[in-house]
file data.cif (mmCIF, C-alpha atoms; chains and numbers go by the auth columns)
data_final
#
loop_
_atom_site.group_PDB
_atom_site.id
_atom_site.type_symbol
_atom_site.label_atom_id
_atom_site.label_comp_id
_atom_site.label_asym_id
_atom_site.label_seq_id
_atom_site.Cartn_x
_atom_site.Cartn_y
_atom_site.Cartn_z
_atom_site.B_iso_or_equiv
_atom_site.auth_seq_id
_atom_site.auth_asym_id
ATOM 1 C CA GLY A 1 -19.143 -64.275 -54.674 0.00 1 A
ATOM 2 C CA SER A 2 -17.456 -65.422 -51.468 0.00 2 A
ATOM 3 C CA LEU A 3 -14.248 -63.675 -52.449 0.00 3 A
ATOM 4 C CA SER A 4 -16.068 -60.394 -53.009 0.00 4 A
ATOM 5 C CA LYS A 5 -17.739 -60.682 -49.601 0.00 5 A
ATOM 6 C CA ILE A 6 -14.397 -61.259 -47.925 0.00 6 A
ATOM 7 C CA ASN A 7 -12.867 -58.311 -49.761 0.00 7 A
ATOM 8 C CA LYS A 8 -15.780 -56.097 -48.769 0.00 8 A
ATOM 9 C CA ASN A 9 -15.468 -57.173 -45.118 0.00 9 A
ATOM 10 C CA THR A 10 -11.753 -56.597 -45.069 0.00 10 A
ATOM 11 C CA MET A 11 -12.186 -53.221 -46.716 0.00 11 A
ATOM 12 C CA PHE A 12 -14.895 -52.368 -44.175 0.00 12 A
ATOM 13 C CA GLN A 13 -12.584 -53.392 -41.321 0.00 13 A
ATOM 14 C CA LYS A 14 -9.742 -51.382 -42.791 0.00 14 A
ATOM 15 C CA LYS A 15 -11.989 -48.353 -43.138 0.00 15 A
ATOM 16 C CA ASN A 16 -13.141 -48.735 -39.539 0.00 16 A
ATOM 17 C CA ALA A 17 -9.567 -49.100 -38.356 0.00 17 A
ATOM 18 C CA THR A 18 -8.576 -46.014 -40.303 0.00 18 A
ATOM 19 C CA VAL A 19 -11.452 -44.009 -38.888 0.00 19 A
ATOM 20 C CA GLN A 20 -10.666 -45.145 -35.333 0.00 20 A
ATOM 21 C CA PHE A 21 -7.018 -44.256 -35.726 0.00 21 A
ATOM 22 C CA ASN A 22 -7.789 -40.822 -37.104 0.00 22 A
ATOM 23 C CA TYR A 23 -10.351 -40.234 -34.375 0.00 23 A
ATOM 24 C CA LYS A 24 -7.812 -41.031 -31.675 0.00 24 A
ATOM 25 C CA LYS A 25 -5.283 -38.767 -33.314 0.00 25 A
ATOM 26 C CA ILE A 26 -7.789 -35.910 -33.489 0.00 26 A
ATOM 27 C CA TYR A 27 -8.824 -36.532 -29.886 0.00 27 A
ATOM 28 C CA LEU A 28 -5.233 -36.411 -28.663 0.00 28 A
ATOM 29 C CA ASN A 29 -4.609 -33.212 -30.593 0.00 29 A
ATOM 30 C CA LYS A 30 -7.728 -31.681 -29.049 0.00 30 A
ATOM 31 C CA ALA A 31 -6.562 -32.735 -25.572 0.00 31 A
ATOM 32 C CA LYS A 32 -3.206 -31.059 -26.161 0.00 32 A
ATOM 33 C CA MET A 33 -4.954 -27.945 -27.424 0.00 33 A
ATOM 34 C CA CYS A 34 -7.218 -27.921 -24.343 0.00 34 A
ATOM 35 C CA ASN A 35 -4.200 -28.126 -22.040 0.00 35 A
ATOM 36 C CA TYR A 36 -2.540 -25.325 -23.978 0.00 36 A
ATOM 37 C CA TYR A 37 -5.643 -23.145 -23.828 0.00 37 A
ATOM 38 C CA ASP A 38 -6.093 -23.912 -20.116 0.00 38 A
ATOM 39 C CA ILE A 39 -2.557 -22.716 -19.399 0.00 39 A
ATOM 40 C CA SER A 40 -2.953 -19.626 -21.560 0.00 40 A
ATOM 41 C CA GLU A 41 -6.311 -18.882 -19.913 0.00 41 A
ATOM 42 C CA ILE A 42 -4.690 -19.028 -16.462 0.00 42 A
ATOM 43 C CA GLU A 43 -1.976 -16.660 -17.663 0.00 43 A
ATOM 44 C CA ASN A 44 -4.629 -14.308 -19.023 0.00 44 A
ATOM 45 C CA ILE A 45 -6.492 -14.351 -15.696 0.00 45 A
ATOM 46 C CA LEU A 46 -3.293 -13.560 -13.783 0.00 46 A
ATOM 47 C CA ARG A 47 -2.418 -10.785 -16.224 0.00 47 A
ATOM 48 C CA LYS A 48 -5.893 -9.234 -16.076 0.00 48 A
ATOM 49 C CA ASN A 49 -5.719 -9.248 -12.271 0.00 49 A
ATOM 50 C CA ARG A 50 -2.138 -7.906 -12.370 0.00 50 A
ATOM 51 C CA ILE A 51 -0.697 -10.848 -10.415 0.00 51 A
ATOM 52 C CA ILE A 52 2.951 -11.904 -10.601 0.00 52 A
ATOM 53 C CA PHE A 53 4.070 -15.138 -8.929 0.00 53 A
ATOM 54 C CA CYS A 54 7.589 -15.604 -7.592 0.00 54 A
ATOM 55 C CA THR A 55 7.914 -19.304 -6.765 0.00 55 A
ATOM 56 C CA GLY A 56 10.825 -21.640 -6.116 0.00 56 A
ATOM 57 C CA GLU A 57 14.476 -20.692 -6.239 0.00 57 A
ATOM 58 C CA ILE A 58 15.052 -17.125 -7.415 0.00 58 A
ATOM 59 C CA ASN A 59 17.549 -17.541 -10.245 0.00 59 A
ATOM 60 C CA ASP A 60 18.218 -15.687 -13.509 0.00 60 A
ATOM 61 C CA LEU A 61 15.391 -17.515 -15.319 0.00 61 A
ATOM 62 C CA VAL A 62 12.784 -16.614 -12.668 0.00 62 A
ATOM 63 C CA SER A 63 14.171 -13.088 -12.448 0.00 63 A
ATOM 64 C CA ASN A 64 13.935 -12.617 -16.221 0.00 64 A
ATOM 65 C CA SER A 65 10.301 -13.796 -16.261 0.00 65 A
ATOM 66 C CA ILE A 66 9.337 -11.418 -13.436 0.00 66 A
ATOM 67 C CA ILE A 67 11.154 -8.485 -15.055 0.00 67 A
ATOM 68 C CA ASN A 68 9.287 -9.144 -18.330 0.00 68 A
ATOM 69 C CA ASN A 69 5.984 -8.936 -16.444 0.00 69 A
ATOM 70 C CA ILE A 70 7.084 -5.739 -14.713 0.00 70 A
ATOM 71 C CA ILE A 71 7.930 -4.154 -18.078 0.00 71 A
ATOM 72 C CA TYR A 72 4.559 -5.229 -19.475 0.00 72 A
ATOM 73 C CA PHE A 73 2.549 -3.808 -16.565 0.00 73 A
ATOM 74 C CA SER A 74 4.557 -0.592 -16.420 0.00 74 A
ATOM 75 C CA THR A 75 3.991 -0.072 -20.153 0.00 75 A
ATOM 76 C CA PHE A 76 0.218 -0.614 -20.273 0.00 76 A
ATOM 77 C CA TYR A 77 -1.076 -0.248 -16.704 0.00 77 A
ATOM 78 C CA ASP A 78 1.394 1.971 -14.899 0.00 78 A
ATOM 79 C CA LYS A 79 -1.141 3.503 -12.465 0.00 79 A
ATOM 80 C CA GLU A 80 -2.681 0.315 -11.076 0.00 80 A
ATOM 81 C CA PRO A 81 -0.913 -1.688 -8.316 0.00 81 A
ATOM 82 C CA VAL A 82 0.683 -5.043 -9.053 0.00 82 A
ATOM 83 C CA LYS A 83 0.086 -8.024 -6.755 0.00 83 A
ATOM 84 C CA PHE A 84 3.425 -9.767 -6.184 0.00 84 A
ATOM 85 C CA VAL A 85 2.907 -13.229 -4.602 0.00 85 A
ATOM 86 C CA ILE A 86 6.035 -14.863 -3.129 0.00 86 A
ATOM 87 C CA ASN A 87 6.574 -18.516 -2.237 0.00 87 A
ATOM 88 C CA SER A 88 10.340 -18.919 -2.317 0.00 88 A
ATOM 89 C CA PRO A 89 13.114 -20.305 -0.096 0.00 89 A
ATOM 90 C CA GLY A 90 15.508 -17.732 -1.545 0.00 90 A
ATOM 91 C CA GLY A 91 18.085 -17.767 -4.291 0.00 91 A
ATOM 92 C CA GLY A 92 20.734 -15.647 -5.939 0.00 92 A
ATOM 93 C CA ILE A 93 21.410 -12.154 -4.593 0.00 93 A
ATOM 94 C CA SER A 94 22.059 -10.715 -8.054 0.00 94 A
ATOM 95 C CA SER A 95 18.806 -12.177 -9.400 0.00 95 A
ATOM 96 C CA GLY A 96 16.824 -10.755 -6.480 0.00 96 A
ATOM 97 C CA LEU A 97 18.424 -7.320 -6.763 0.00 97 A
ATOM 98 C CA ALA A 98 17.722 -7.302 -10.519 0.00 98 A
ATOM 99 C CA ILE A 99 14.006 -7.693 -9.680 0.00 99 A
ATOM 100 C CA TYR A 100 14.302 -4.977 -7.020 0.00 100 A
ATOM 101 C CA ASP A 101 15.968 -2.482 -9.366 0.00 101 A
ATOM 102 C CA SER A 102 13.416 -3.206 -12.115 0.00 102 A
ATOM 103 C CA ILE A 103 10.517 -2.538 -9.734 0.00 103 A
ATOM 104 C CA LYS A 104 12.067 0.706 -8.509 0.00 104 A
ATOM 105 C CA ALA A 105 12.850 1.856 -12.050 0.00 105 A
ATOM 106 C CA SER A 106 9.286 1.121 -13.213 0.00 106 A
ATOM 107 C CA LYS A 107 7.725 3.127 -10.358 0.00 107 A
ATOM 108 C CA LEU A 108 4.902 0.581 -10.139 0.00 108 A
ATOM 109 C CA ALA A 109 2.762 0.437 -7.010 0.00 109 A
ATOM 110 C CA LEU A 110 3.613 -2.978 -5.544 0.00 110 A
ATOM 111 C CA ASN A 111 1.462 -5.008 -3.145 0.00 111 A
ATOM 112 C CA THR A 112 3.387 -8.023 -1.825 0.00 112 A
ATOM 113 C CA TYR A 113 1.995 -11.296 -0.450 0.00 113 A
ATOM 114 C CA SER A 114 3.791 -14.147 1.324 0.00 114 A
ATOM 115 C CA ILE A 115 2.356 -17.637 0.948 0.00 115 A
ATOM 116 C CA GLY A 116 4.184 -20.805 1.981 0.00 116 A
ATOM 117 C CA ILE A 117 7.637 -19.437 2.745 0.00 117 A
ATOM 118 C CA SER A 118 9.475 -16.209 2.011 0.00 118 A
ATOM 119 C CA ALA A 119 13.083 -16.711 3.025 0.00 119 A
ATOM 120 C CA SER A 120 16.410 -15.021 2.358 0.00 120 A
ATOM 121 C CA ILE A 121 16.155 -12.882 -0.801 0.00 121 A
ATOM 122 C CA GLY A 122 12.473 -13.893 -0.965 0.00 122 A
ATOM 123 C CA CYS A 123 11.920 -12.146 2.371 0.00 123 A
ATOM 124 C CA PHE A 124 13.736 -9.093 1.047 0.00 124 A
ATOM 125 C CA LEU A 125 11.387 -8.933 -1.962 0.00 125 A
ATOM 126 C CA LEU A 126 8.429 -9.293 0.409 0.00 126 A
ATOM 127 C CA CYS A 127 9.352 -6.229 2.451 0.00 127 A
ATOM 128 C CA ILE A 128 9.959 -3.917 -0.535 0.00 128 A
ATOM 129 C CA GLY A 129 6.235 -3.506 -1.228 0.00 129 A
ATOM 130 C CA ASN A 130 4.442 -0.256 -0.572 0.00 130 A
ATOM 131 C CA PHE A 131 3.999 0.499 3.129 0.00 131 A
ATOM 132 C CA SER A 132 0.620 -0.752 4.417 0.00 132 A
ATOM 133 C CA LYS A 133 0.391 -3.037 1.343 0.00 133 A
ATOM 134 C CA ARG A 134 2.670 -5.886 2.451 0.00 134 A
ATOM 135 C CA HIS A 135 0.758 -9.025 3.415 0.00 135 A
ATOM 136 C CA ALA A 136 1.240 -12.603 4.602 0.00 136 A
ATOM 137 C CA PHE A 137 -1.086 -15.571 4.790 0.00 137 A
ATOM 138 C CA PRO A 138 -1.532 -16.877 8.364 0.00 138 A
ATOM 139 C CA ASN A 139 0.471 -20.114 7.882 0.00 139 A
ATOM 140 C CA SER A 140 3.356 -18.666 5.908 0.00 140 A
ATOM 141 C CA ARG A 141 6.894 -18.556 7.290 0.00 141 A
ATOM 142 C CA ILE A 142 9.372 -15.729 6.853 0.00 142 A
ATOM 143 C CA MET A 143 13.135 -15.899 7.374 0.00 143 A
ATOM 144 C CA ILE A 144 16.145 -13.581 7.157 0.00 144 A
ATOM 145 C CA HIS A 145 19.830 -14.464 7.304 0.00 145 A
ATOM 146 C CA GLN A 146 23.155 -13.283 5.995 0.00 146 A
ATOM 147 C CA PRO A 147 24.289 -14.218 2.458 0.00 147 A
ATOM 148 C CA PHE A 148 26.336 -17.349 1.999 0.00 148 A
ATOM 149 C CA GLY A 149 28.093 -18.991 -0.906 0.00 149 A
ATOM 150 C CA GLY A 150 30.561 -21.692 -1.811 0.00 150 A
ATOM 151 C CA ILE A 151 33.900 -19.956 -2.100 0.00 151 A
ATOM 152 C CA GLN A 152 36.758 -21.808 -3.761 0.00 152 A
ATOM 153 C CA GLY A 153 39.870 -21.206 -5.804 0.00 153 A
ATOM 154 C CA THR A 154 43.251 -19.717 -5.044 0.00 154 A
ATOM 155 C CA ALA A 155 43.966 -17.729 -1.898 0.00 155 A
ATOM 156 C CA ILE A 156 43.655 -14.435 -3.793 0.00 156 A
ATOM 157 C CA ASP A 157 40.375 -15.536 -5.405 0.00 157 A
ATOM 158 C CA ILE A 158 38.947 -16.523 -2.019 0.00 158 A
ATOM 159 C CA GLU A 159 39.953 -13.135 -0.606 0.00 159 A
ATOM 160 C CA ILE A 160 38.272 -11.287 -3.496 0.00 160 A
ATOM 161 C CA GLN A 161 35.077 -13.373 -3.242 0.00 161 A
ATOM 162 C CA THR A 162 34.957 -12.895 0.532 0.00 162 A
ATOM 163 C CA LYS A 163 35.182 -9.109 0.121 0.00 163 A
ATOM 164 C CA GLU A 164 32.396 -9.228 -2.482 0.00 164 A
ATOM 165 C CA LEU A 165 30.218 -11.294 -0.133 0.00 165 A
ATOM 166 C CA ILE A 166 30.768 -8.774 2.672 0.00 166 A
ATOM 167 C CA ILE A 167 29.813 -5.919 0.310 0.00 167 A
ATOM 168 C CA GLN A 168 26.644 -7.760 -0.716 0.00 168 A
ATOM 169 C CA ARG A 169 25.786 -8.372 2.936 0.00 169 A
ATOM 170 C CA SER A 170 26.266 -4.707 3.847 0.00 170 A
ATOM 171 C CA ASN A 171 24.140 -3.609 0.887 0.00 171 A
ATOM 172 C CA LEU A 172 21.297 -6.006 1.736 0.00 172 A
ATOM 173 C CA ASN A 173 21.385 -5.035 5.412 0.00 173 A
ATOM 174 C CA TYR A 174 21.120 -1.358 4.458 0.00 174 A
ATOM 175 C CA LEU A 175 18.150 -2.010 2.139 0.00 175 A
ATOM 176 C CA LEU A 176 16.439 -4.216 4.761 0.00 176 A
ATOM 177 C CA ALA A 177 16.891 -1.476 7.342 0.00 177 A
ATOM 178 C CA CYS A 178 15.315 1.076 4.981 0.00 178 A
ATOM 179 C CA HIS A 179 12.281 -1.069 4.150 0.00 179 A
ATOM 180 C CA THR A 180 11.657 -2.428 7.654 0.00 180 A
ATOM 181 C CA ARG A 181 12.498 0.867 9.387 0.00 181 A
ATOM 182 C CA ASN A 182 14.909 -0.856 11.745 0.00 182 A
ATOM 183 C CA SER A 183 18.443 0.220 12.558 0.00 183 A
ATOM 184 C CA ILE A 184 21.313 -1.310 10.584 0.00 184 A
ATOM 185 C CA GLU A 185 22.800 -2.553 13.877 0.00 185 A
ATOM 186 C CA LYS A 186 19.616 -4.504 14.624 0.00 186 A
ATOM 187 C CA ILE A 187 19.502 -5.982 11.113 0.00 187 A
ATOM 188 C CA GLU A 188 23.172 -7.009 11.309 0.00 188 A
ATOM 189 C CA LYS A 189 22.621 -8.711 14.651 0.00 189 A
ATOM 190 C CA ASP A 190 19.449 -10.519 13.566 0.00 190 A
ATOM 191 C CA THR A 191 20.920 -11.749 10.271 0.00 191 A
ATOM 192 C CA ASP A 192 24.020 -13.278 11.869 0.00 192 A
ATOM 193 C CA PHE A 193 22.032 -16.526 12.007 0.00 193 A
ATOM 194 C CA GLU A 194 18.790 -17.705 10.450 0.00 194 A
ATOM 195 C CA LYS A 195 15.887 -15.888 12.091 0.00 195 A
ATOM 196 C CA TYR A 196 12.364 -17.182 11.413 0.00 196 A
ATOM 197 C CA PHE A 197 9.198 -15.152 11.840 0.00 197 A
ATOM 198 C CA THR A 198 5.540 -15.985 12.100 0.00 198 A
ATOM 199 C CA PRO A 199 3.319 -13.460 10.284 0.00 199 A
ATOM 200 C CA PHE A 200 2.558 -11.766 13.619 0.00 200 A
ATOM 201 C CA GLU A 201 6.272 -11.377 14.402 0.00 201 A
ATOM 202 C CA ALA A 202 6.977 -10.173 10.875 0.00 202 A
ATOM 203 C CA THR A 203 4.341 -7.480 11.370 0.00 203 A
ATOM 204 C CA ASN A 204 6.040 -6.241 14.528 0.00 204 A
ATOM 205 C CA TYR A 205 9.444 -6.386 12.824 0.00 205 A
ATOM 206 C CA GLY A 206 8.299 -4.249 9.890 0.00 206 A
ATOM 207 C CA ILE A 207 8.610 -6.883 7.159 0.00 207 A
ATOM 208 C CA ILE A 208 4.852 -6.953 6.505 0.00 208 A
ATOM 209 C CA ASP A 209 1.888 -4.805 7.496 0.00 209 A
ATOM 210 C CA LYS A 210 -1.138 -7.120 7.468 0.00 210 A
ATOM 211 C CA ILE A 211 -2.069 -10.777 7.986 0.00 211 A
ATOM 212 C CA LEU A 212 -4.622 -12.091 5.514 0.00 212 A
ATOM 213 C CA ILE A 213 -7.192 -13.765 7.732 0.00 213 A
ATOM 214 C CA LYS A 214 -10.947 -13.339 8.158 0.00 214 A
ATOM 215 C CA GLN A 215 -11.302 -14.162 11.839 0.00 215 A
ATOM 216 C CA GLN A 216 -9.456 -12.306 14.562 0.00 216 A
ATOM 217 C CA GLN A 217 -9.430 -15.132 17.131 0.00 217 A
ATOM 218 C CA PRO A 218 -6.670 -17.176 15.386 0.00 218 A
ATOM 219 C CA ILE A 219 -4.470 -14.069 15.428 0.00 219 A
ATOM 220 C CA LYS A 220 -4.877 -13.748 19.196 0.00 220 A
ATOM 221 C CA LYS A 221 -3.979 -17.399 19.605 0.00 221 A
ATOM 222 C CA LEU A 222 -1.036 -16.967 17.252 0.00 222 A
ATOM 223 C CA LYS A 223 0.133 -14.030 19.347 0.00 223 A
ATOM 224 C CA HIS A 224 0.563 -16.327 22.350 0.00 224 A
ATOM 225 C CA LEU A 225 2.321 -18.944 20.252 0.00 225 A
ATOM 226 C CA ASP A 226 4.777 -16.343 19.009 0.00 226 A
ATOM 227 C CA SER A 227 6.251 -16.039 22.507 0.00 227 A
ATOM 228 C CA LEU A 228 7.251 -19.715 22.642 0.00 228 A
ATOM 229 C CA TYR A 229 11.029 -19.495 22.527 0.00 229 A
ATOM 230 C CA TYR A 230 12.499 -22.166 24.754 0.00 230 A
ATOM 231 C CA PRO A 231 16.112 -22.760 25.661 0.00 231 A
ATOM 232 C CA LYS A 232 17.313 -26.268 24.835 0.00 232 A
ATOM 233 C CA ALA A 233 16.702 -27.584 28.351 0.00 233 A
ATOM 234 C CA GLU A 234 13.011 -26.672 28.128 0.00 234 A
ATOM 235 C CA ASN A 235 12.207 -28.004 24.665 0.00 235 A
ATOM 236 C CA ILE A 236 10.076 -30.797 26.129 0.00 236 A
ATOM 237 C CA ASN A 237 8.102 -28.681 28.576 0.00 237 A
ATOM 238 C CA TRP A 238 4.779 -29.955 27.232 0.00 238 A
ATOM 239 C CA SER A 239 2.695 -28.702 30.156 0.00 239 A
ATOM 240 C CA THR A 240 3.697 -25.096 29.411 0.00 240 A
ATOM 241 C CA ILE A 241 2.927 -25.523 25.735 0.00 241 A
ATOM 242 C CA LYS A 242 -0.466 -27.030 26.562 0.00 242 A
ATOM 243 C CA ASN A 243 -1.374 -24.207 28.929 0.00 243 A
ATOM 244 C CA ILE A 244 -0.456 -21.504 26.423 0.00 244 A
ATOM 245 C CA THR A 245 -2.126 -23.127 23.393 0.00 245 A
ATOM 246 C CA ASN A 246 -5.354 -23.538 25.350 0.00 246 A
ATOM 247 C CA LEU A 247 -5.719 -19.791 25.852 0.00 247 A
#
call {"tool": "encode", "arguments": {"input": "data.cif", "output": "structure tokens"}}
result
Amino acid sequence: GSLSKINKNTMFQKKNATVQFNYKKIYLNKAKMCNYYDISEIENILRKNRIIFCTGEINDLVSNSIINNIIYFSTFYDKEPVKFVINSPGGGISSGLAIYDSIKASKLALNTYSIGISASIGCFLLCIGNFSKRHAFPNSRIMIHQPFGGIQGTAIDIEIQTKELIIQRSNLNYLLACHTRNSIEKIEKDTDFEKYFTPFEATNYGIIDKILIKQQQPIKKLKHLDSLYYPKAENINWSTIKNITNL
């Protein structure tokens, strides 16, 4: 009798242990499925709202993903504008121009938005949106500069790569001039070094058209801050900064 009780208890414990183990396994599988469905739901929301994100370094992988989205939207919804949101420090010229050519070939209406930072080739992609449909959030930063790359190899190879870099620079400067409606001479001068813009400056330069902000007062304040360009000797002129920021 005692042996049967022990066996029953042990069997009961084993059954409980088995049930608990299976329950945990099912729970973990459900958690993974929830995460998967959450991600797919976000993608569905972005697709329904025709939003494409360009984040991080613009390389071939990012470029391929964006081009796939462009093909999808141009196939099924070619008449509705696409919202292209950029938060990128830049990347490869060829990858950026592949996105540019795909957008132009698709003939999609493109509304661009800068959030965080749009620098280098990211800034170029920001300014290629439809005129009057290029936007920036109030705290985003925008930067242009000339292309650069690590050139190495034999003397002939360095010469060839240098010529290619100069060609790429001339091509980008021409496209920037077209989309910002500035002269090529101005673009060449401004891209000699890194040139940063606030959204207000980028509006005056022709990179964007609108600042996404509800209240107008911060824009007026930002306008005064945009004029703060000090030579090195005046970098610690705190009284001037205080007077201007209090306007």
call {"tool": "resolve_selection", "arguments": {"input": "data.cif", "expression": "the PyMOL selection byres ((chain A and resi 174) around 12)", "output": "PyMOL selection string"}}
result
chain A and resi 124+167-173+175-188+191
call {"tool": "closest_atom_pairs", "arguments": {"input": "data.cif", "of": "stretch 114-166 of chain A", "to": "stretch 54-71 of chain A", "cutoff": "10 Å", "atoms": "only C-alpha atoms", "output": "tab-separated table"}}
result
residue	atom	partner	partner_atom	distance
A:Ser114	CA	A:Cys54	CA	9.8
A:Ile115	CA	A:Thr55	CA	9.7
A:Gly116	CA	A:Thr55	CA	9.6
A:Ile117	CA	A:Thr55	CA	9.5
A:Ser118	CA	A:Thr55	CA	9.4
A:Ile121	CA	A:Ile58	CA	7.9
A:Gly122	CA	A:Ile58	CA	7.7
A:Leu125	CA	A:Cys54	CA	9.5
call {"tool": "write_last_selection", "arguments": {"input": "data.cif", "atoms": "C-alpha atoms", "output": "PDB file, keeping the file's coordinate frame"}}
result
ATOM      1  CA  SER A 114       3.791 -14.147   1.324  1.00  0.00           C
ATOM      2  CA  ILE A 115       2.356 -17.637   0.948  1.00  0.00           C
ATOM      3  CA  GLY A 116       4.184 -20.805   1.981  1.00  0.00           C
ATOM      4  CA  ILE A 117       7.637 -19.437   2.745  1.00  0.00           C
ATOM      5  CA  SER A 118       9.475 -16.209   2.011  1.00  0.00           C
ATOM      6  CA  ILE A 121      16.155 -12.882  -0.801  1.00  0.00           C
ATOM      7  CA  GLY A 122      12.473 -13.893  -0.965  1.00  0.00           C
ATOM      8  CA  LEU A 125      11.387  -8.933  -1.962  1.00  0.00           C
TER       9      LEU A 125
END
call {"tool": "atom_distance", "arguments": {"input": "data.cif", "atom1": "atom CA of A:Ser120", "atom2": "atom CA of A:Gln146"}}
result
7.9 Å
call {"tool": "closest_residue", "arguments": {"input": "data.cif", "among": "A:Gly153, A:Pro147, A:Pro199, A:Pro81", "to": "A:Leu108", "atoms": "all atoms listed in the file"}}
result
A:Pro81
call {"tool": "atom_distance", "arguments": {"input": "data.cif", "atom1": "atom CA of A:Ile51", "atom2": "atom CA of A:Ser74"}}
result
13.0 Å
call {"tool": "atom_distance", "arguments": {"input": "data.cif", "atom1": "atom CA of A:Tyr196", "atom2": "atom CA of A:Ile93"}}
result
19.1 Å
call {"tool": "residues_near_point", "arguments": {"input": "data.cif", "point": "(9.5, -2.2, -0.7)", "cutoff": "10 Å", "atoms": "only C-alpha atoms", "output": "ChimeraX atom specification"}}
result
/A:100,103-104,109-112,124-131,133-134,175-176,178-180,207-208
call {"tool": "closest_residue", "arguments": {"input": "data.cif", "among": "A:Phe148, A:Gly206, A:Lys195, A:Phe84", "to": "A:Tyr113", "atoms": "all atoms listed in the file"}}
result
A:Phe84
